[in-house]
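S.K.: Structure in structure tokens, see below.
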Amino acid sequence: MKQLHSHAPVAVIADAHYHDLEGSFGQQEPVSGDGLTARSWSETRCSTRVFNESFAAFPAALDAIAGRGIRHVVLLGDYSDDGQKATVQAVASLLKSYAETFSLSFYVLPGNHDGYALRGRHQTKEFLTPDGDTVVITSDPHIKPSNVVTLCSETMYCAGYPDALEPLVEHGLTRQADYLHWETPFGTSDTFEDRQCRLASADGTNEALLIDASYLVEPEDGLWLLMIDANVYQPSDRATGIDLDSDFIDSTGAGWNAVVKQRPYLISWIADVHRRAGALGKTLLCFSHYPVVDVFADNLASEQALFGQTNVANRTPQDGVATALMQAGMTQHFSGHIHVNGSTRRTVGNTTLTNVAVPSLVAFPPGFRIVHGSTNATNIETISLGNLPIDGRLMRLYDRECERKGEPNHSAFSAKSYGDFLYAHQEALVTHRFFPREWPRDMVEMFSGSTLGRLLAQLDLPSSSLVKIAQSAGVDPQSAASLSLPRFVTDWYALRQAQELALPFIRAENLSIYKALVVHLKEFSGSSDPKENASAGSFIKTFLTVLKVSLERARA
């Protein structure tokens, strides 16, 4: 094997979900006033990402990259809000501007939000008017929501492959003159017609040819970037053709589980690339939109015990994925999709595969990664965007929206920084998404508006339990008893998503109480088997078991 090269740093951005806040989606002028076309807070608080704030976060990340003198930038998919034609064009314009101004070179992969199957699909979104009312903009002329002003624009449509890729073809998706090497799983042709695979429905009755946008690029001597398109749009058993979005299974929950089953040629290509990289002494970095192991450190059983088959559970890679990739020679992989900060390892025998989860720019915690390569090691740095300022124009619009709906303003609107805003948004998610959609109803009733003291009483635990927890935490028993459970749940999610990046946002006293609670797990009744959830005690025990793992990963 030849000596490995050192290489220039590579910035990795995942899930920018860019929304052109100053776009108009075919309207004569921006609909929200102040030159803005802003999404509503009522939709934002139910989404695992924020929308409007991406307009500042994406350029801020690129400014930080350019300011560090970094040239190579990988975009791990979901670079657009939802693949709207106008939005993808806005992303293309943004990348072109930074490429020309700062000599940045971009290497993009499509995510599940950047295009859809062969023909695409309609998009319908809710926006704010200047007075805080809502207006719907849709690409579907058949949508007529009652009591809501509806505007129709073809620019809201999410295109299918290859139309969705065309605006960004110069950013790695096709061969460029300055590349030292470029190839696909199908050879050296960069035309999309030569980069198609045949996918069949589960019952074998329906088939479709779909584009695989994977590629290998050598942008500088010795550095190979393996960009794997893991979007798999499998035809549905009930498909009547290939023209409707319902004729395909959405790739969102499929990820690598579908790749291993539907695209075995990719595993063979990955193995061949690793073999050649080793023989030639190339530094090989591997990327795709989807994770290849459980980003929550093998907590899938606990996730299912707590909440059933959630979106997270559906998106968790099966063990066979890591095994297949390790057999192909892969030892490290960068992913997005889940909006998580952290690294998870899977070891089989003497081989270890590390999945580096890159945080999103528009979810807690906001940030991106920088891969510093050297001859003998790869050092990965996480850059936080938490200190970015807040756009006051948006907060005023959210204020007006709440006032018009007769709702109290949310604490997020008075946030002092972008990190504070996203942490407060995490709290809104608990109320408006996680509690109503995922939590058992009896547990929602137990946690909503309650305190730790009331919870322990409901579990029939003796008062000595609270005293032990308070003593372990170094706090007054009354302080421990008054801990807000909704705040506790928010911090639980924050630690799962952000690990060490969550610590600056959690009150020190609360963090001490959380540590004490996991120490005293035995105080809680119920089965220790995460697959059994027959009582409130077993739910809380599993909940605290997951918290313990999160605290350990955050080194709290």
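By convention here, the chains of the structure tokens are called A, B, ... in the order presented, each chain's residues are numbered starting at 1, and ligands are numbered starting at 1 in the order presented.
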Write out as an mmCIF file with all heavy atoms, in the first residue's frame the residues lying within 6 Å of Lys282 of chain A, counting only C-alpha atoms and excluding same-chain residues fewer than 2 positions away.
M.R.:
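Written file, part.cif:
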```
data_model
loop_
_atom_site.group_PDB
_atom_site.id
_atom_site.type_symbol
_atom_site.label_atom_id
_atom_site.label_comp_id
_atom_site.auth_asym_id
_atom_site.auth_seq_id
_atom_site.Cartn_x
_atom_site.Cartn_y
_atom_site.Cartn_z
ATOM 1 N N LEU A 4 -0.372 7.352 2.366
ATOM 2 C CA LEU A 4 -1.536 8.217 2.218
ATOM 3 C C LEU A 4 -1.116 9.671 2.160
ATOM 4 O O LEU A 4 -0.182 10.084 2.837
ATOM 5 C CB LEU A 4 -2.506 8.013 3.387
ATOM 6 C CG LEU A 4 -3.283 6.701 3.426
ATOM 7 C CD1 LEU A 4 -4.125 6.659 4.689
ATOM 8 C CD2 LEU A 4 -4.159 6.547 2.203
ATOM 9 N N GLY A 222 -4.593 13.239 -4.469
ATOM 10 C CA GLY A 222 -4.606 12.388 -3.287
ATOM 11 C C GLY A 222 -5.892 12.379 -2.502
ATOM 12 O O GLY A 222 -6.041 11.572 -1.583
ATOM 13 N N LEU A 223 -6.855 13.249 -2.810
ATOM 14 C CA LEU A 223 -8.116 13.330 -2.066
ATOM 15 C C LEU A 223 -9.261 12.799 -2.920
ATOM 16 O O LEU A 223 -9.563 13.349 -3.977
ATOM 17 C CB LEU A 223 -8.402 14.773 -1.653
ATOM 18 C CG LEU A 223 -9.759 15.032 -0.979
ATOM 19 C CD1 LEU A 223 -9.875 14.259 0.327
ATOM 20 C CD2 LEU A 223 -9.974 16.528 -0.735
ATOM 21 N N ALA A 277 -8.381 2.999 -3.734
ATOM 22 C CA ALA A 277 -7.859 4.082 -2.897
ATOM 23 C C ALA A 277 -6.685 3.594 -2.060
ATOM 24 O O ALA A 277 -5.668 4.288 -1.913
ATOM 25 C CB ALA A 277 -8.957 4.635 -1.994
ATOM 26 N N LEU A 280 -3.589 3.007 -4.305
ATOM 27 C CA LEU A 280 -3.012 4.241 -4.860
ATOM 28 C C LEU A 280 -2.601 5.245 -3.789
ATOM 29 O O LEU A 280 -2.075 6.316 -4.107
ATOM 30 C CB LEU A 280 -4.020 4.890 -5.810
ATOM 31 C CG LEU A 280 -4.405 4.077 -7.058
ATOM 32 C CD1 LEU A 280 -5.545 4.751 -7.803
ATOM 33 C CD2 LEU A 280 -3.191 3.897 -7.976
ATOM 34 N N LEU A 284 -9.558 8.703 1.291
ATOM 35 C CA LEU A 284 -10.929 8.515 0.831
ATOM 36 C C LEU A 284 -11.915 8.932 1.919
ATOM 37 O O LEU A 284 -11.880 8.404 3.032
ATOM 38 C CB LEU A 284 -11.153 7.047 0.454
ATOM 39 C CG LEU A 284 -12.565 6.658 0.012
ATOM 40 C CD1 LEU A 284 -12.985 7.418 -1.245
ATOM 41 C CD2 LEU A 284 -12.646 5.149 -0.219
#
```
S.K.: Write out as a Markdown table a residue-level contact list of segment 407-511 of chain A versus segment 292-307 of chain A with cut-off 7 Å: for each qualifying residue the closest pair of atoms and the distance in Å to one decimal, counting only C-alpha atoms, rows sorted by chain and residue number upward.
M.R.:
```
| residue | atom | partner | partner_atom | distance |
| --- | --- | --- | --- | --- |
| A:Glu438 | CA | A:Phe307 | CA | 5.5 |
| A:Trp439 | CA | A:Phe307 | CA | 5.6 |
| A:Pro440 | CA | A:Phe307 | CA | 6.8 |
```
S.K.: Do you have the atom CA of Ile249 of chain A-atom CA of Gly77 of chain A distance handy?
M.R.: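 For atom CA of Ile249 of chain A relative to atom CA of Gly77 of chain A, the distance reads 18.5 Å.
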S.K.: Quick one, how far is atom CA of Pro59 of chain A from atom CA of Met395 of chain A?
M.R.: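 Going from atom CA of Pro59 of chain A over to atom CA of Met395 of chain A covers 19.8 Å.
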S.K.: Within 8 Å of Leu180 of chain A, counting only C-alpha atoms, which residues show up once you throw out same-chain ones fewer than 2 positions away? Write them as a compact mmCIF listing (two decimals) with all heavy atoms, in the first residue's frame, please.
M.R.:
```
# COMPACT_ATOMS: atom_id res chain seq x y z
N ASP A 178 -11.42 20.91 -13.98
CA ASP A 178 -10.33 20.93 -13.00
C ASP A 178 -10.26 19.68 -12.13
O ASP A 178 -9.38 19.57 -11.28
CB ASP A 178 -10.41 22.17 -12.13
CG ASP A 178 -11.73 22.27 -11.38
OD1 ASP A 178 -12.70 21.60 -11.78
OD2 ASP A 178 -11.79 23.02 -10.39
N TRP A 182 -12.84 11.61 -12.05
CA TRP A 182 -14.29 11.63 -11.82
C TRP A 182 -14.88 10.38 -12.45
O TRP A 182 -14.54 10.01 -13.57
CB TRP A 182 -14.92 12.88 -12.43
CG TRP A 182 -16.35 13.12 -12.05
CD1 TRP A 182 -16.82 13.89 -11.03
CD2 TRP A 182 -17.51 12.56 -12.70
NE1 TRP A 182 -18.19 13.85 -10.99
CE2 TRP A 182 -18.64 13.05 -12.00
CE3 TRP A 182 -17.69 11.71 -13.78
CZ2 TRP A 182 -19.94 12.70 -12.37
CZ3 TRP A 182 -18.98 11.35 -14.14
CH2 TRP A 182 -20.09 11.86 -13.44
N VAL A 217 -15.07 11.78 -6.94
CA VAL A 217 -14.33 12.91 -7.51
C VAL A 217 -13.01 13.08 -6.77
O VAL A 217 -12.93 12.89 -5.55
CB VAL A 217 -15.16 14.21 -7.44
CG1 VAL A 217 -15.52 14.58 -6.00
CG2 VAL A 217 -14.44 15.36 -8.12
N GLU A 218 -11.97 13.40 -7.54
CA GLU A 218 -10.67 13.75 -6.97
C GLU A 218 -10.42 15.22 -7.29
O GLU A 218 -9.93 15.57 -8.36
CB GLU A 218 -9.54 12.89 -7.55
CG GLU A 218 -8.18 13.17 -6.93
CD GLU A 218 -7.10 12.21 -7.41
OE1 GLU A 218 -7.33 11.49 -8.41
OE2 GLU A 218 -6.02 12.18 -6.78
N PRO A 219 -10.76 16.13 -6.36
CA PRO A 219 -10.62 17.56 -6.64
C PRO A 219 -9.19 18.06 -6.50
O PRO A 219 -8.85 19.12 -7.03
CB PRO A 219 -11.53 18.20 -5.61
CG PRO A 219 -11.53 17.25 -4.46
CD PRO A 219 -11.39 15.88 -5.06
N GLU A 220 -8.37 17.33 -5.76
CA GLU A 220 -6.95 17.67 -5.64
C GLU A 220 -6.17 16.37 -5.47
O GLU A 220 -6.73 15.34 -5.09
CB GLU A 220 -6.69 18.61 -4.47
CG GLU A 220 -6.96 18.02 -3.11
CD GLU A 220 -6.52 18.96 -1.98
OE1 GLU A 220 -6.96 20.12 -1.98
OE2 GLU A 220 -5.75 18.51 -1.13
N ASP A 221 -4.90 16.43 -5.74
CA ASP A 221 -4.08 15.23 -5.75
C ASP A 221 -4.15 14.49 -4.41
O ASP A 221 -3.85 15.05 -3.36
CB ASP A 221 -2.63 15.59 -6.07
CG ASP A 221 -1.74 14.36 -6.22
OD1 ASP A 221 -2.26 13.31 -6.63
OD2 ASP A 221 -0.54 14.45 -5.90
```
S.K.: Run DSSP on the backbone and grab whatever in segment 311-519 of chain A lands in strand (DSSP E); send it over as a ChimeraX atom specification.
M.R.: /A:332-335,342-348,351-357,367-373,378-384
S.K.: Got a sec: who's within 9 Å of Val50 of chain A, counting only C-alpha atoms, leaving out chain neighbours fewer than 2 positions off, as a list in words?
M.R.: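 After dropping sequence-adjacent residues, the list is His17, Trp41, Glu43, Thr44, Arg45, Ser47, Thr48, Asn52, Glu53, Ser54, Val362, Ala363, Leu422 and His425 of chain A.
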S.K.: Just the number, please: distance in Å from atom CA of Gly83 of chain A to atom CA of Cys158 of chain A, one decimal.
M.R.: 4.7 Å
S.K.: Pick out the residues sitting within 9 Å of segment 192-203 of chain A, and hand them over as a PyMOL selection string; count only C-alpha atoms, and ignore anything fewer than 5 positions along from it in its own chain.
M.R.: chain A and resi 162+174+184-187+208-214+232-239+248+262-263
S.K.: Which residues come within 12 Å of Ser251 of chain A, counting only C-alpha atoms, excluding same-chain residues fewer than 3 positions away, as an MDAnalysis selection string?
M.R.: chainID A and resid 110:117 229:236 245 248 254:259 262 289:290 314:315 337
S.K.: Give me a file of those residues, with N, CA, C and O atoms, as a compact mmCIF listing (two decimals), in the first residue's frame.
M.R.:
```
# COMPACT_ATOMS: atom_id res chain seq x y z
N PRO A 110 -28.07 14.93 -3.61
CA PRO A 110 -29.47 15.21 -3.34
C PRO A 110 -29.94 14.48 -2.10
O PRO A 110 -29.56 13.33 -1.83
N GLY A 111 -30.77 15.15 -1.29
CA GLY A 111 -31.43 14.51 -0.17
C GLY A 111 -32.86 14.19 -0.52
O GLY A 111 -33.32 14.44 -1.65
N ASN A 112 -33.61 13.66 0.41
CA ASN A 112 -35.00 13.30 0.13
C ASN A 112 -35.90 14.51 -0.04
O ASN A 112 -37.03 14.38 -0.53
N HIS A 113 -35.41 15.71 0.31
CA HIS A 113 -36.22 16.93 0.14
C HIS A 113 -35.89 17.70 -1.14
O HIS A 113 -36.49 18.74 -1.39
N ASP A 114 -34.94 17.22 -1.94
CA ASP A 114 -34.45 18.02 -3.07
C ASP A 114 -35.02 17.62 -4.42
O ASP A 114 -34.79 18.29 -5.43
N GLY A 115 -35.76 16.56 -4.48
CA GLY A 115 -36.39 16.07 -5.70
C GLY A 115 -37.22 14.87 -5.33
O GLY A 115 -37.14 14.36 -4.21
N TYR A 116 -38.01 14.38 -6.29
CA TYR A 116 -38.83 13.22 -5.95
C TYR A 116 -39.04 12.34 -7.18
O TYR A 116 -39.68 12.74 -8.16
N ALA A 117 -38.45 11.15 -7.13
CA ALA A 117 -38.68 10.09 -8.11
C ALA A 117 -38.52 10.61 -9.55
O ALA A 117 -37.60 11.37 -9.83
N ASP A 229 -25.38 8.59 -3.66
CA ASP A 229 -26.80 8.95 -3.70
C ASP A 229 -27.60 7.77 -3.14
O ASP A 229 -27.81 6.77 -3.83
N ALA A 230 -28.02 7.90 -1.89
CA ALA A 230 -28.75 6.80 -1.23
C ALA A 230 -30.26 6.98 -1.30
O ALA A 230 -31.00 6.30 -0.58
N ASN A 231 -30.74 7.87 -2.15
CA ASN A 231 -32.18 8.00 -2.36
C ASN A 231 -32.67 6.81 -3.18
O ASN A 231 -32.18 6.57 -4.29
N VAL A 232 -33.61 6.07 -2.66
CA VAL A 232 -34.19 4.93 -3.38
C VAL A 232 -35.70 5.14 -3.48
O VAL A 232 -36.41 5.05 -2.48
N TYR A 233 -36.16 5.43 -4.69
CA TYR A 233 -37.60 5.62 -4.92
C TYR A 233 -38.13 4.34 -5.57
O TYR A 233 -38.19 4.22 -6.79
N GLN A 234 -38.50 3.40 -4.74
CA GLN A 234 -38.97 2.10 -5.22
C GLN A 234 -40.41 2.21 -5.70
O GLN A 234 -41.26 2.80 -5.02
N PRO A 235 -40.72 1.64 -6.87
CA PRO A 235 -42.12 1.63 -7.32
C PRO A 235 -43.00 0.90 -6.32
O PRO A 235 -42.59 -0.07 -5.69
N SER A 236 -44.21 1.39 -6.17
CA SER A 236 -45.17 0.78 -5.24
C SER A 236 -45.85 -0.43 -5.89
O SER A 236 -46.00 -0.48 -7.12
N ASP A 245 -46.85 10.77 -7.74
CA ASP A 245 -45.96 10.59 -6.59
C ASP A 245 -46.33 9.35 -5.80
O ASP A 245 -45.48 8.69 -5.20
N PHE A 248 -44.63 5.74 -6.16
CA PHE A 248 -43.32 5.42 -5.60
C PHE A 248 -43.38 5.48 -4.07
O PHE A 248 -44.19 6.19 -3.49
N ALA A 254 -36.56 5.12 3.95
CA ALA A 254 -35.90 3.93 3.40
C ALA A 254 -34.40 3.96 3.64
O ALA A 254 -33.83 3.08 4.28
N GLY A 255 -33.75 5.00 3.11
CA GLY A 255 -32.32 5.16 3.33
C GLY A 255 -31.50 3.95 2.93
O GLY A 255 -31.78 3.27 1.94
N TRP A 256 -30.48 3.65 3.74
CA TRP A 256 -29.55 2.58 3.42
C TRP A 256 -30.18 1.20 3.49
O TRP A 256 -29.68 0.25 2.87
N ASN A 257 -31.25 1.04 4.25
CA ASN A 257 -31.94 -0.25 4.27
C ASN A 257 -32.39 -0.62 2.86
O ASN A 257 -32.30 -1.78 2.44
N ALA A 258 -32.88 0.38 2.11
CA ALA A 258 -33.32 0.14 0.74
C ALA A 258 -32.14 0.02 -0.22
O ALA A 258 -32.19 -0.74 -1.19
N VAL A 259 -31.07 0.77 0.04
CA VAL A 259 -29.90 0.70 -0.83
C VAL A 259 -29.35 -0.72 -0.89
O VAL A 259 -29.06 -1.27 -1.96
N GLN A 262 -31.96 -2.84 -2.83
CA GLN A 262 -32.34 -2.44 -4.19
C GLN A 262 -31.16 -2.09 -5.09
O GLN A 262 -31.28 -2.13 -6.31
N HIS A 289 -26.50 11.06 2.23
CA HIS A 289 -27.47 11.83 3.02
C HIS A 289 -27.90 11.06 4.26
O HIS A 289 -28.15 11.66 5.32
N TYR A 290 -27.97 9.74 4.17
CA TYR A 290 -28.56 8.92 5.23
C TYR A 290 -27.48 8.26 6.10
O TYR A 290 -26.44 7.85 5.59
N ASN A 314 -38.28 4.30 12.02
CA ASN A 314 -38.37 3.90 10.61
C ASN A 314 -37.08 4.19 9.86
O ASN A 314 -36.73 3.49 8.90
N ARG A 315 -36.38 5.24 10.26
CA ARG A 315 -35.19 5.67 9.55
C ARG A 315 -33.90 5.05 10.07
O ARG A 315 -32.82 5.34 9.55
N HIS A 337 -29.57 14.08 7.43
CA HIS A 337 -30.93 13.55 7.44
C HIS A 337 -31.62 13.61 8.81
O HIS A 337 -32.76 14.06 8.90
```
S.K.: What's around segment 122-127 of chain A at 8 Å? Count only C-alpha atoms, leave out sequence neighbours fewer than 6 positions away in its own chain, and write the answer as a list in words.
M.R.: Val31, Ser32, Thr37, Ala38, Arg39, Ser40, Glu43, Asp82, Gln84, Thr134, Val135, Val136, Ile137, Thr138, Ser139, Asp140, Met156, Tyr157 and Cys158 of chain A
S.K.: Taking the DSSP assignment computed from this structure's backbone, write out as a ChimeraX atom specification all residues of segment 461-504 of chain A that belong to helix (DSSP H, G or I).
M.R.: /A:463-473,477-481,485-504
S.K.: Give me the residues of segment 393-462 of chain A that have any atom at most 9 Å from an atom of segment 503-507 of chain A; for each, the nearest atom pair and the distance in Å, rounded to one decimal. Use only C-alpha atoms, sort by chain and number, and format it as CSV.
M.R.:
```
residue,atom,partner,partner_atom,distance
A:Gly419,CA,A:Phe505,CA,8.3
A:Asp420,CA,A:Phe505,CA,7.4
A:Tyr423,CA,A:Phe505,CA,7.3
```
S.K.: Would you put the residues from that selection into a file with all heavy atoms, as a PDB file, in the first residue's frame?
M.R.:
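Dumped to part-v2.pdb:
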```
ATOM      1  N   GLY A 419     -28.952  30.134  18.453  1.00  0.00           N
ATOM      2  CA  GLY A 419     -28.959  28.936  19.273  1.00  0.00           C
ATOM      3  C   GLY A 419     -30.089  28.952  20.283  1.00  0.00           C
ATOM      4  O   GLY A 419     -30.775  27.943  20.490  1.00  0.00           O
ATOM      5  N   ASP A 420     -30.298  30.101  20.937  1.00  0.00           N
ATOM      6  CA  ASP A 420     -31.402  30.239  21.895  1.00  0.00           C
ATOM      7  C   ASP A 420     -32.749  30.041  21.198  1.00  0.00           C
ATOM      8  O   ASP A 420     -33.667  29.418  21.750  1.00  0.00           O
ATOM      9  CB  ASP A 420     -31.371  31.616  22.556  1.00  0.00           C
ATOM     10  CG  ASP A 420     -30.188  31.787  23.493  1.00  0.00           C
ATOM     11  OD1 ASP A 420     -29.673  30.769  23.993  1.00  0.00           O
ATOM     12  OD2 ASP A 420     -29.775  32.942  23.716  1.00  0.00           O
ATOM     13  N   TYR A 423     -33.232  26.344  20.494  1.00  0.00           N
ATOM     14  CA  TYR A 423     -33.507  25.619  21.738  1.00  0.00           C
ATOM     15  C   TYR A 423     -34.963  25.840  22.162  1.00  0.00           C
ATOM     16  O   TYR A 423     -35.661  24.904  22.566  1.00  0.00           O
ATOM     17  CB  TYR A 423     -32.552  26.074  22.831  1.00  0.00           C
ATOM     18  CG  TYR A 423     -32.828  25.473  24.191  1.00  0.00           C
ATOM     19  CD1 TYR A 423     -32.551  24.134  24.451  1.00  0.00           C
ATOM     20  CD2 TYR A 423     -33.381  26.237  25.214  1.00  0.00           C
ATOM     21  CE1 TYR A 423     -32.814  23.575  25.693  1.00  0.00           C
ATOM     22  CE2 TYR A 423     -33.644  25.689  26.454  1.00  0.00           C
ATOM     23  CZ  TYR A 423     -33.358  24.358  26.690  1.00  0.00           C
ATOM     24  OH  TYR A 423     -33.620  23.810  27.917  1.00  0.00           O
TER      25      TYR A 423
END
```
